[in-house]
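Read the structure below first, then the notes.
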Amino acid sequence: MCGIVGIVGNYQPEVLTNLNEAISHRGPDGGGEYIAPADALGLGMRRLAIVDLEEGRQPMANKEGTHVLVFNGEIFNAPELRMQLEAKGVQFDSGHSDTEVILRMYDAEGPDMVAHLNGMFAFVVYDAIRGKLFGARDRFGIKPLYYQHKSGSFAFASELKSLMQLPGFTLDLDTESLWNYLSLLYVPGERTICEGVHRLQPGHTIEYDLCENRVKIEQWWRLEPQPIYGRSEKDWAVELREQLAAAVRRWCMSDVPIACSLSGGIDSTAITGLMAENGYQSMQTFSLGFTESDGTELDERRLAKQVADRWGTEHHEIVLEQDHLLNALPEMIWSLDEPYAGGVPSWHVFQAMSREVKVAMTGSGGDELFGNYGKFREYEKKPWKRLHLWAYERGWVGGNPIGDSYHAMRRYFSDAEKRKYLESPHGDKTGTAALIQSQFDKQAPGHLRDRLAGMEMHGQLAEEFLFMTDRFSMAHGLEARVPFLDSELVDFVFSIPASQRTNPKNLKYLLKHAVEDLLPQELLSSRKKGFVLPLGAWLRGRLKSGVQNLLSPSRLAKQGIFHPNFYRDYVAPHLEGQRDNTYRIWPVFMFQLWYLLYVEENVRTRPTVTLDDLVS
């Protein structure tokens, strides 16, 4: 696990070092650089040593020096791939480095090797023979990869803050990304908040031609369910248990201790139980609690403690106070690189875990596999919405049947509202609803539940949940793992017919059946708790002065991004208790904090200021 960077062009040697040092938090155990003067190319990495502590150093080159690799992530089927290569006569220099497995596979198969990898990864290979850089990102976007392509130059990095170190870099706001952020609370798609900087999408490869200065992007994976009919739910549950246990075993590959983030929910509880059943000894678990009464819905300690006691883990409870969480906002926002207005408490869980271990298991991905938060129910309950989708897919009607009814478009900013309150609006012809619709339209034909799940896997899962998990964990030098997104497990889960995989009234009933002996009885019947922070009360209370300062009509007019009437129409009525406008104010407030740090103050190193210092 690490961070990776690379540059091609007429740069001084210290530029590569600056890019690499900007992500030193991702790899506090060391770093390395490789320079190829003939191609004006440099590669760099920062390492968090987890597998093959002595021999897994990077950049890693083959003996001939024709292929050089920088790699961020873990390949959990590396032992099997290694044996297959050895059977063909390939010799390895390291004891069990998964980095070397990628390198040898590229030596043997070239770019096609990416389809064989099971894990979380973003890597780039300098292929001196072909005169190209070849990069790839894992199926689900667990690990990030950003790039900037200009005339005569190319650069890539694990985080945007690295590319901001490039000479002459200017942070020009990508207004299309801002447009979409206001509806989704995260920046979606290949664009980023920085104009001219892109992210490689999940399940895609990138090839940069060093001679022709040309970039080619290709998709190497998408979710294509292959349902198998005729099996009973009992049989599916038995095999699901076996497949999940195998995935957890694979994702426990490590030469250092592993802990588990224990939320008290089904997914993390199942992972903890399977780790314990598989003989993982001396496990540490971590759960989150709140002191304020308005945080009781978030408090996960009671059920988590039951699970920890059952398996005899060394259990830690992180108890947050309101000020503790809010005072960390400047650090969180800086670590994220881009505006984000979703859940933030996991920052403190990862921070606490990083003091004890280097690797953390999480339950991310379980919801998307089993029920996808019930987002399909709206269409199954309302026949006219299914009819609209049916007619749209036959070209008989227009509109965005999925995008227009997407939950975020109804809860946060609609496209119509953004046209009213953004000074330089985008989306007059398309909009966020059309973006969501286009993501749905790209999915493989099949059951509506499967298509919605595929859309979310390359949408909200990758671009919000996994994005936040990667930045918050790596900000503390911690590797967060997500065994529910094991490739073999996902393929198996989507061989289960959608009608058997989930139930509208009990979304995870099949998963519960598979792991019920690992779960507290209460958890089998309790409703899922969401991370719903008391944002409305905070905006009227602890954050009120900050809101008044950052969203004042005079500041908005001077800034030129939002119309000054936003304060009159949304902020003032909320602060006065006349209306609840939380989900309009919060994303704009979080954007303003990001803008203050990254644009106005031009902060390029981890901030030490408090929230009050920032907004006063």
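Residue numbering restarts at 1 for every chain of the structure tokens, chains are lettered A, B, ... in their displayed order, and ligands are numbered from 1 as they appear.
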Hey, what's within 10 Å of Arg606 (chain A) if we count only C-alpha atoms and toss same-chain stuff fewer than 4 positions away? As a list in words, please?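 Result of the neighbour search: Ala22, His25, Pro330, Glu331, Met332, Ile333, Trp334, Ser335 and Ala475 of chain A.
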Find the spatial neighbours of Glu14 (chain A), counting only C-alpha atoms, within a cut-off of 12 Å - ignore same-chain residues fewer than 5 positions away - and output them as a list in words.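 Skipping anything fewer than 5 positions along the chain leaves Ile7, Leu19, Asn20, Glu21, Glu33, Ile35, Gly42, Gly44, Gln165, Leu166 and Pro167 of chain A.
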Top pick for closest residue to His563 (chain A), considering A:Glu417, A:Leu435, A:Glu212, A:Lys305 and counting only C-alpha atoms: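 Using only C-alpha atoms, the shortest distance to His563 (chain A) belongs to A:Glu417.
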Quick one, how far is CA of Ile75 (chain A) from CA of Ser97 (chain A)?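 Between CA of Ile75 (chain A) and CA of Ser97 (chain A) the gap is 9.5 Å.
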From the list A:Arg249, A:Arg542, A:Arg191, A:Arg82, which residue is nearest Gly279 (chain A) when using only C-alpha atoms?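 Closest to Gly279 (chain A) of all the choices is A:Arg249.
Shortest atom-to-atom contact with Leu533 (chain A) among A:Gly89, A:Pro345, A:Pro13, A:Gly95: A:Pro345, counting only C-alpha atoms.
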Compile the contact shell of Asn581 (chain A) as a list in words: residues with an atom at most 8 Å away, counting only C-alpha atoms, same-chain residues fewer than 3 positions apart removed. Gly536, Tyr570, Val571, Pro573, His574, Arg584 and Ile585 of chain A
Exercise: region 353-370 of chain A partners within 9 Å, only C-alpha atoms, chain neighbours under 5 positions left out, as number ranges by chain: A: 48-50, 251-252, 254, 256-263, 265-272, 284-286, 316, 348, 453-454, 456-457, 461, 465-466, 469, 473, 476-485, 490, 493-494, 501-503, 507-511
Just list the residues in region 3-165 of chain A DSSP gives helix (DSSP H, G or I) on the backbone, as a PyMOL selection string. chain A and resi 13-21+24-26+37-39+78-87+98-116+160-163
